[in-house]
>>> print(open('start.tsv').read())   # TSV, C-alpha atoms
chain	number	residue	atom	x	y	z
A	1	GLN	CA	16.67	-31.39	1.96
A	2	SER	CA	15.67	-33.83	4.74
A	3	ALA	CA	13.57	-32.90	7.76
A	4	LEU	CA	15.43	-32.17	10.97
A	5	THR	CA	15.11	-34.94	13.57
A	6	GLN	CA	13.15	-34.34	16.77
A	7	PRO	CA	11.91	-36.81	19.39
A	8	ALA	CA	8.29	-37.73	18.78
A	9	SER	CA	7.28	-36.97	22.34
A	10	VAL	CA	8.58	-35.48	25.58
A	11	SER	CA	6.72	-35.29	28.85
A	12	GLY	CA	7.18	-33.73	32.26
A	13	SER	CA	5.34	-32.79	35.41
A	14	PRO	CA	4.29	-29.24	36.23
A	15	GLY	CA	7.25	-27.22	37.46
A	16	GLN	CA	9.84	-29.48	35.88
A	17	SER	CA	12.16	-28.62	33.01
A	18	ILE	CA	12.21	-30.45	29.71
A	19	THR	CA	14.47	-30.22	26.69
A	20	ILE	CA	13.59	-30.93	23.06
A	21	SER	CA	16.41	-31.70	20.65
A	22	CYS	CA	16.59	-30.89	16.94
A	23	THR	CA	19.30	-32.66	14.99
A	24	GLY	CA	20.40	-31.69	11.51
A	25	THR	CA	23.64	-31.48	9.58
A	26	SER	CA	26.45	-29.05	8.93
A	27	SER	CA	24.42	-27.80	5.96
A	28	ASP	CA	21.60	-26.53	8.13
A	29	VAL	CA	21.57	-26.47	11.96
A	30	GLY	CA	25.33	-26.77	12.32
A	31	GLY	CA	26.21	-24.30	9.61
A	32	TYR	CA	24.18	-21.26	10.60
A	33	ASN	CA	22.73	-19.55	13.67
A	34	TYR	CA	19.32	-19.46	12.01
A	35	VAL	CA	17.45	-22.02	14.11
A	36	SER	CA	13.95	-21.11	15.23
A	37	TRP	CA	11.31	-22.86	17.33
A	38	TYR	CA	7.51	-22.85	17.03
A	39	GLN	CA	4.71	-23.87	19.39
A	40	GLN	CA	1.48	-25.18	17.90
A	41	HIS	CA	-1.67	-25.92	19.85
A	42	PRO	CA	-4.29	-28.19	18.23
A	43	GLY	CA	-6.17	-26.47	15.44
A	44	LYS	CA	-4.06	-23.33	15.74
A	45	ALA	CA	-1.33	-21.71	13.69
A	46	PRO	CA	2.27	-22.10	14.85
A	47	LYS	CA	3.72	-19.38	17.09
A	48	LEU	CA	7.34	-18.24	17.06
A	49	MET	CA	9.00	-18.98	20.41
A	50	ILE	CA	12.73	-18.69	19.67
A	51	TYR	CA	14.66	-17.28	16.70
A	52	GLU	CA	18.34	-17.26	15.76
A	53	VAL	CA	19.06	-20.11	18.19
A	54	SER	CA	18.44	-18.30	21.46
A	55	ASN	CA	16.51	-15.06	20.96
A	56	ARG	CA	13.01	-14.70	22.39
A	57	PRO	CA	10.44	-12.50	20.63
A	58	SER	CA	8.70	-9.89	22.70
A	59	GLY	CA	5.88	-11.45	24.71
A	60	VAL	CA	7.31	-14.97	24.90
A	61	SER	CA	7.87	-16.21	28.43
A	62	ASN	CA	11.47	-16.39	29.65
A	63	ARG	CA	10.72	-19.98	30.65
A	64	PHE	CA	11.56	-20.80	27.03
A	65	SER	CA	15.22	-20.84	26.05
A	66	GLY	CA	17.24	-22.11	23.10
A	67	SER	CA	20.79	-23.27	22.49
A	68	LYS	CA	22.91	-25.09	19.93
A	69	SER	CA	25.89	-27.40	19.96
A	70	GLY	CA	27.28	-28.67	16.68
A	71	ASN	CA	24.50	-30.02	14.51
A	72	THR	CA	21.95	-30.19	17.35
A	73	ALA	CA	19.77	-27.36	18.61
A	74	SER	CA	17.71	-27.56	21.79
A	75	LEU	CA	14.64	-25.91	23.24
A	76	THR	CA	14.29	-25.94	27.03
A	77	ILE	CA	11.05	-25.22	28.81
A	78	SER	CA	11.55	-24.55	32.50
A	79	GLY	CA	8.82	-24.44	35.12
A	80	LEU	CA	6.56	-26.53	32.89
A	81	GLN	CA	2.93	-25.40	32.88
A	82	ALA	CA	-0.27	-27.00	31.61
A	83	GLU	CA	-0.50	-24.39	28.84
A	84	ASP	CA	2.84	-25.58	27.45
A	85	GLU	CA	1.24	-28.81	26.28
A	86	ALA	CA	1.47	-28.54	22.49
A	87	ASP	CA	3.46	-29.59	19.47
A	88	TYR	CA	6.86	-27.98	18.95
A	89	TYR	CA	8.77	-27.64	15.70
A	90	CYS	CA	12.29	-26.47	15.01
A	91	SER	CA	13.31	-24.88	11.73
A	92	SER	CA	16.62	-23.98	10.14
A	93	TYR	CA	17.94	-22.06	7.18
A	94	THR	CA	19.66	-24.08	4.47
A	95	SER	CA	20.71	-22.94	1.01
A	96	SER	CA	18.16	-20.13	0.63
A	97	CYS	CA	15.46	-22.45	1.95
A	98	TYR	CA	13.85	-23.46	5.22
A	99	VAL	CA	13.68	-26.97	6.63
A	100	PHE	CA	11.43	-27.95	9.53
A	101	GLY	CA	11.87	-30.56	12.19
A	102	THR	CA	9.67	-33.64	12.48
A	103	GLY	CA	7.85	-32.18	15.48
A	104	THR	CA	7.65	-33.07	19.17
A	105	LYS	CA	4.50	-33.50	21.22
A	106	VAL	CA	4.97	-32.14	24.72
A	107	THR	CA	2.72	-33.64	27.37
A	108	VAL	CA	2.32	-32.15	30.83
A	109	LEU	CA	1.64	-35.01	33.19
B	1	GLN	CA	-1.08	-4.77	14.00
B	2	VAL	CA	-0.29	-6.72	10.86
B	3	GLN	CA	-2.59	-9.65	10.13
B	4	LEU	CA	-2.58	-12.31	7.43
B	5	GLN	CA	-5.66	-14.03	5.99
B	6	GLU	CA	-5.64	-16.94	3.55
B	7	SER	CA	-8.45	-17.45	1.06
B	8	GLY	CA	-9.25	-19.79	-1.80
B	9	PRO	CA	-11.12	-22.96	-2.77
B	10	GLY	CA	-11.28	-25.65	-0.12
B	11	LEU	CA	-11.61	-28.43	-2.68
B	12	VAL	CA	-9.44	-29.04	-5.74
B	13	LYS	CA	-9.66	-31.91	-8.20
B	14	PRO	CA	-6.68	-34.23	-8.78
B	15	SER	CA	-4.37	-33.00	-11.55
B	16	GLY	CA	-5.79	-29.51	-11.12
B	17	THR	CA	-4.15	-26.35	-9.80
B	18	LEU	CA	-4.44	-25.19	-6.21
B	19	SER	CA	-4.71	-21.40	-5.94
B	20	LEU	CA	-4.60	-19.45	-2.68
B	21	THR	CA	-4.25	-15.80	-1.76
B	22	CYS	CA	-2.91	-14.21	1.42
B	23	ALA	CA	-4.21	-10.74	2.22
B	24	VAL	CA	-1.96	-8.53	4.36
B	25	SER	CA	-3.81	-6.04	6.57
B	26	GLY	CA	-2.55	-3.49	9.06
B	27	GLY	CA	0.72	-3.11	7.18
B	28	SER	CA	2.28	-2.99	3.72
B	29	ILE	CA	3.42	-5.99	1.73
B	30	SER	CA	6.16	-3.69	0.46
B	31	SER	CA	7.70	-3.50	3.91
B	32	SER	CA	11.13	-5.03	4.41
B	33	ASN	CA	9.94	-8.60	4.84
B	34	TRP	CA	9.73	-11.82	2.90
B	35	TRP	CA	6.37	-13.62	2.71
B	36	SER	CA	6.00	-17.41	2.78
B	37	TRP	CA	3.64	-20.32	2.28
B	38	VAL	CA	3.84	-23.28	4.65
B	39	ARG	CA	1.62	-26.37	4.63
B	40	GLN	CA	0.70	-29.10	7.07
B	41	PRO	CA	-1.00	-32.35	6.00
B	42	PRO	CA	-3.60	-33.58	8.51
B	43	GLY	CA	-1.86	-35.03	11.54
B	44	LYS	CA	1.61	-34.38	10.13
B	45	GLY	CA	4.41	-31.84	10.35
B	46	LEU	CA	5.12	-28.51	8.71
B	47	GLU	CA	6.57	-28.14	5.21
B	48	TRP	CA	7.86	-24.86	3.76
B	49	ILE	CA	6.67	-24.26	0.20
B	50	GLY	CA	8.34	-21.03	-0.80
B	51	GLU	CA	8.59	-17.29	-0.27
B	52	ILE	CA	8.50	-13.98	-2.11
B	53	TYR	CA	9.82	-10.45	-1.58
B	54	HIS	CA	7.85	-7.42	-2.75
B	55	SER	CA	10.40	-6.98	-5.55
B	56	GLY	CA	9.22	-10.31	-6.96
B	57	SER	CA	12.29	-12.30	-5.91
B	58	THR	CA	11.40	-15.85	-4.87
B	59	ASN	CA	12.85	-18.89	-3.15
B	60	TYR	CA	11.20	-22.30	-3.45
B	61	ASN	CA	11.42	-25.67	-1.74
B	62	PRO	CA	13.42	-27.78	-4.21
B	63	SER	CA	11.01	-30.71	-3.76
B	64	LEU	CA	8.06	-28.60	-4.94
B	65	LYS	CA	9.77	-26.09	-7.20
B	66	SER	CA	8.59	-27.61	-10.48
B	67	ARG	CA	4.93	-27.21	-9.47
B	68	VAL	CA	4.94	-23.97	-7.46
B	69	THR	CA	4.50	-20.34	-8.42
B	70	ILE	CA	4.33	-17.56	-5.81
B	71	SER	CA	3.45	-14.05	-6.93
B	72	VAL	CA	2.81	-10.68	-5.31
B	73	ASP	CA	0.19	-8.02	-6.04
B	74	LYS	CA	1.32	-4.81	-4.37
B	75	SER	CA	-1.79	-2.91	-5.49
B	76	LYS	CA	-3.98	-5.35	-3.53
B	77	ASN	CA	-1.47	-5.83	-0.71
B	78	GLN	CA	-1.51	-9.59	-1.13
B	79	PHE	CA	0.53	-12.52	-2.35
B	80	SER	CA	-0.57	-15.76	-3.93
B	81	LEU	CA	0.29	-19.44	-4.30
B	82	LYS	CA	-0.31	-21.69	-7.27
B	83	LEU	CA	0.47	-25.41	-7.01
B	84	SER	CA	-0.09	-27.41	-10.17
B	85	SER	CA	-0.73	-31.09	-10.88
B	86	VAL	CA	-2.06	-31.71	-7.39
B	87	THR	CA	-2.68	-35.15	-5.89
B	88	ALA	CA	-4.19	-36.35	-2.63
B	89	ALA	CA	-0.73	-35.89	-1.07
B	90	ASP	CA	-1.20	-32.13	-1.43
B	91	THR	CA	-4.18	-32.17	0.94
B	92	ALA	CA	-3.15	-29.96	3.84
B	93	VAL	CA	-3.77	-26.85	5.86
B	94	TYR	CA	-1.99	-24.07	4.00
B	95	TYR	CA	-0.59	-21.18	6.02
B	96	CYS	CA	0.80	-17.88	4.85
B	97	ALA	CA	3.47	-16.34	7.03
B	98	ARG	CA	5.87	-13.44	7.28
B	99	SER	CA	9.28	-14.97	6.86
B	100	GLY	CA	12.14	-12.70	7.60
B	101	ALA	CA	12.85	-9.02	8.08
B	102	VAL	CA	15.50	-7.35	5.95
B	103	TYR	CA	17.73	-4.60	7.33
B	104	GLY	CA	20.57	-3.68	5.03
B	105	ASP	CA	22.76	-6.75	4.70
B	106	TYR	CA	20.86	-8.60	7.46
B	107	ARG	CA	18.05	-10.95	6.69
B	108	GLY	CA	16.10	-12.86	9.32
B	109	TRP	CA	15.25	-16.52	8.68
B	110	TYR	CA	12.19	-17.22	10.82
B	111	PHE	CA	8.41	-16.95	10.65
B	112	ASP	CA	7.20	-14.29	13.08
B	113	LEU	CA	3.61	-13.88	11.93
B	114	TRP	CA	1.17	-16.51	10.68
B	115	GLY	CA	-2.28	-16.58	9.15
B	116	ARG	CA	-4.92	-18.88	10.65
B	117	GLY	CA	-4.55	-21.38	7.82
B	118	THR	CA	-6.98	-22.83	5.32
B	119	LEU	CA	-7.67	-26.50	4.64
B	120	VAL	CA	-7.40	-27.56	1.02
B	121	THR	CA	-8.59	-31.03	0.11
B	122	VAL	CA	-7.62	-32.68	-3.16
B	123	SER	CA	-10.39	-35.04	-4.20
B	124	SER	CA	-12.62	-35.81	-7.14
>>> encode(input="start.tsv", output="structure tokens")
Amino acid sequence: QSALTQPASVSGSPGQSITISCTGTSSDVGGYNYVSWYQQHPGKAPKLMIYEVSNRPSGVSNRFSGSKSGNTASLTISGLQAEDEADYYCSSYTSSCYVFGTGTKVTVL
Amino acid sequence: QVQLQESGPGLVKPSGTLSLTCAVSGGSISSSNWWSWVRQPPGKGLEWIGEIYHSGSTNYNPSLKSRVTISVDKSKNQFSLKLSSVTAADTAVYYCARSGAVYGDYRGWYFDLWGRGTLVTVSS
């Protein structure tokens, strides 16, 4: 299966909102509500931020939200903070497998 | 709380077999969860390798399936990865992760717990 497509980079100023897209096909993102999002700081393991399109795990800030329309899922970070600067990856279920997105570097200006 | 810790050789020769173990502490590997391996080449994105349930059931990435074996040792509360015929392209940080709770007919498809990762370099 092919990697899901994400923009290479997204930036915003503190306090602003940004949105990261994750585009797949009807065989993955569009076919199931099993999209998840991960935050990864340099040298660290990924951290689950959103699961099943829009659910936040306990302890994750409500500034992070997820949605999906057709074959594209989105992660929105509102009230951008310096600590949000990191790489973000989406992931989706497909045919008893997982596929990850290409990754997006978020820069806080 | 449950923690995961990867261990294994940091250097593997080309054409050899990469072997890693993930120890589960603070909880049982026989809990209602799947357990995965994910890798990340230096400076690149994440790639799912495969997963195992405590029953021994497995799912593998089709692109790696011919070279991958994931096994579980319930007596040691750990699961393992073997990747054969390695090349420099297999150089990566390898993570173990918990990959989906099971409740009756429901099965989650996300990674909610990760190990810290271990770098494996393929070089002669």
>>> closest_residue(input="start.tsv", among="A:Val10, A:Val108, A:Leu4, A:Leu48", to="chain B", atoms="all atoms listed in the file")
A:Leu48
>>> atom_distance(input="start.tsv", atom1="CA of Ser2 (chain A)", atom2="CA of Ser26 (chain A)")
12.5 Å
>>> interface_residues(input="start.tsv", of="chain B", to="chain A", cutoff="9 Å", atoms="only C-alpha atoms", output="ChimeraX atom specification")
/B:44-51,59-63,95,108-117
>>> atom_distance(input="start.tsv", atom1="CA of Gln1 (chain B)", atom2="CA of Ala82 (chain A)")
28.4 Å
>>> residues_around(input="start.tsv", residues="region 68-81 of chain A", least_positions_apart="4", cutoff="7 Å", atoms="only C-alpha atoms", output="PyMOL selection string")
chain A and resi 13-26+29-30+53+63-64
>>> residues_around(input="start.tsv", residues="Val122 (chain B)", least_positions_apart="3", cutoff="6 Å", atoms="only C-alpha atoms", output="PyMOL selection string")
chain B and resi 11-14+88+91
>>> write_last_selection(input="start.tsv", atoms="C-alpha atoms", output="tab-separated table (two decimals), in the frame of the given file")
chain	number	residue	atom	x	y	z
B	11	LEU	CA	-11.61	-28.43	-2.68
B	12	VAL	CA	-9.44	-29.04	-5.74
B	13	LYS	CA	-9.66	-31.91	-8.20
B	14	PRO	CA	-6.68	-34.23	-8.78
B	88	ALA	CA	-4.19	-36.35	-2.63
B	91	THR	CA	-4.18	-32.17	0.94
>>> axis_aligned_box(input="start.tsv", around="region 109-122 of chain B", padding_each_side="5 Å", output="AutoDock Vina command-line options")
--center_x 3.3 --center_y -23.3 --center_z 5.0 --size_x 33.8 --size_y 28.8 --size_z 26.2
>>> residues_around(input="start.tsv", residues="Leu20 (chain B)", least_positions_apart="3", cutoff="8 Å", atoms="only C-alpha atoms", output="VMD selection string")
chain B and resid 6 to 9 80 to 82
>>> atom_distance(input="start.tsv", atom1="CA of Val86 (chain B)", atom2="CA of Ser124 (chain B)")
11.3 Å
>>> residues_around(input="start.tsv", residues="region 71-74 of chain B", least_positions_apart="3", cutoff="10 Å", atoms="all atoms listed in the file", output="ChimeraX atom specification")
/B:21-23,28-30,35,51-58,77-82
>>> build_atoms(input="start.tsv", residues="region 29-40 of chain A", atoms="N, CA, C and O atoms", output="PDB file, keeping the file's coordinate frame")
ATOM      1  N   VAL A  29      21.427 -26.864  10.546  1.00  0.00           N
ATOM      2  CA  VAL A  29      21.570 -26.470  11.960  1.00  0.00           C
ATOM      3  C   VAL A  29      23.012 -26.113  12.309  1.00  0.00           C
ATOM      4  O   VAL A  29      23.280 -25.079  12.933  1.00  0.00           O
ATOM      5  N   GLY A  30      23.935 -26.969  11.932  1.00  0.00           N
ATOM      6  CA  GLY A  30      25.330 -26.770  12.320  1.00  0.00           C
ATOM      7  C   GLY A  30      26.047 -25.660  11.576  1.00  0.00           C
ATOM      8  O   GLY A  30      27.089 -25.174  12.036  1.00  0.00           O
ATOM      9  N   GLY A  31      25.494 -25.253  10.440  1.00  0.00           N
ATOM     10  CA  GLY A  31      26.210 -24.300   9.610  1.00  0.00           C
ATOM     11  C   GLY A  31      25.815 -22.844   9.804  1.00  0.00           C
ATOM     12  O   GLY A  31      26.517 -21.942   9.342  1.00  0.00           O
ATOM     13  N   TYR A  32      24.699 -22.623  10.471  1.00  0.00           N
ATOM     14  CA  TYR A  32      24.180 -21.260  10.600  1.00  0.00           C
ATOM     15  C   TYR A  32      23.504 -21.083  11.960  1.00  0.00           C
ATOM     16  O   TYR A  32      22.971 -22.031  12.522  1.00  0.00           O
ATOM     17  N   ASN A  33      23.476 -19.853  12.425  1.00  0.00           N
ATOM     18  CA  ASN A  33      22.730 -19.550  13.670  1.00  0.00           C
ATOM     19  C   ASN A  33      21.331 -19.069  13.326  1.00  0.00           C
ATOM     20  O   ASN A  33      20.856 -18.048  13.830  1.00  0.00           O
ATOM     21  N   TYR A  34      20.667 -19.809  12.458  1.00  0.00           N
ATOM     22  CA  TYR A  34      19.320 -19.460  12.010  1.00  0.00           C
ATOM     23  C   TYR A  34      18.327 -20.561  12.374  1.00  0.00           C
ATOM     24  O   TYR A  34      17.500 -20.964  11.561  1.00  0.00           O
ATOM     25  N   VAL A  35      18.403 -21.030  13.622  1.00  0.00           N
ATOM     26  CA  VAL A  35      17.450 -22.020  14.110  1.00  0.00           C
ATOM     27  C   VAL A  35      16.330 -21.295  14.849  1.00  0.00           C
ATOM     28  O   VAL A  35      16.579 -20.391  15.651  1.00  0.00           O
ATOM     29  N   SER A  36      15.111 -21.685  14.554  1.00  0.00           N
ATOM     30  CA  SER A  36      13.950 -21.110  15.230  1.00  0.00           C
ATOM     31  C   SER A  36      13.055 -22.236  15.738  1.00  0.00           C
ATOM     32  O   SER A  36      13.154 -23.379  15.289  1.00  0.00           O
ATOM     33  N   TRP A  37      12.207 -21.884  16.708  1.00  0.00           N
ATOM     34  CA  TRP A  37      11.310 -22.860  17.330  1.00  0.00           C
ATOM     35  C   TRP A  37       9.884 -22.317  17.342  1.00  0.00           C
ATOM     36  O   TRP A  37       9.668 -21.116  17.566  1.00  0.00           O
ATOM     37  N   TYR A  38       8.918 -23.220  17.121  1.00  0.00           N
ATOM     38  CA  TYR A  38       7.510 -22.850  17.030  1.00  0.00           C
ATOM     39  C   TYR A  38       6.671 -23.758  17.935  1.00  0.00           C
ATOM     40  O   TYR A  38       6.915 -24.962  18.006  1.00  0.00           O
ATOM     41  N   GLN A  39       5.682 -23.147  18.572  1.00  0.00           N
ATOM     42  CA  GLN A  39       4.710 -23.870  19.390  1.00  0.00           C
ATOM     43  C   GLN A  39       3.400 -23.910  18.624  1.00  0.00           C
ATOM     44  O   GLN A  39       2.972 -22.883  18.076  1.00  0.00           O
ATOM     45  N   GLN A  40       2.762 -25.059  18.596  1.00  0.00           N
ATOM     46  CA  GLN A  40       1.480 -25.180  17.900  1.00  0.00           C
ATOM     47  C   GLN A  40       0.479 -25.943  18.754  1.00  0.00           C
ATOM     48  O   GLN A  40       0.655 -27.130  19.016  1.00  0.00           O
TER      49      GLN A  40
END
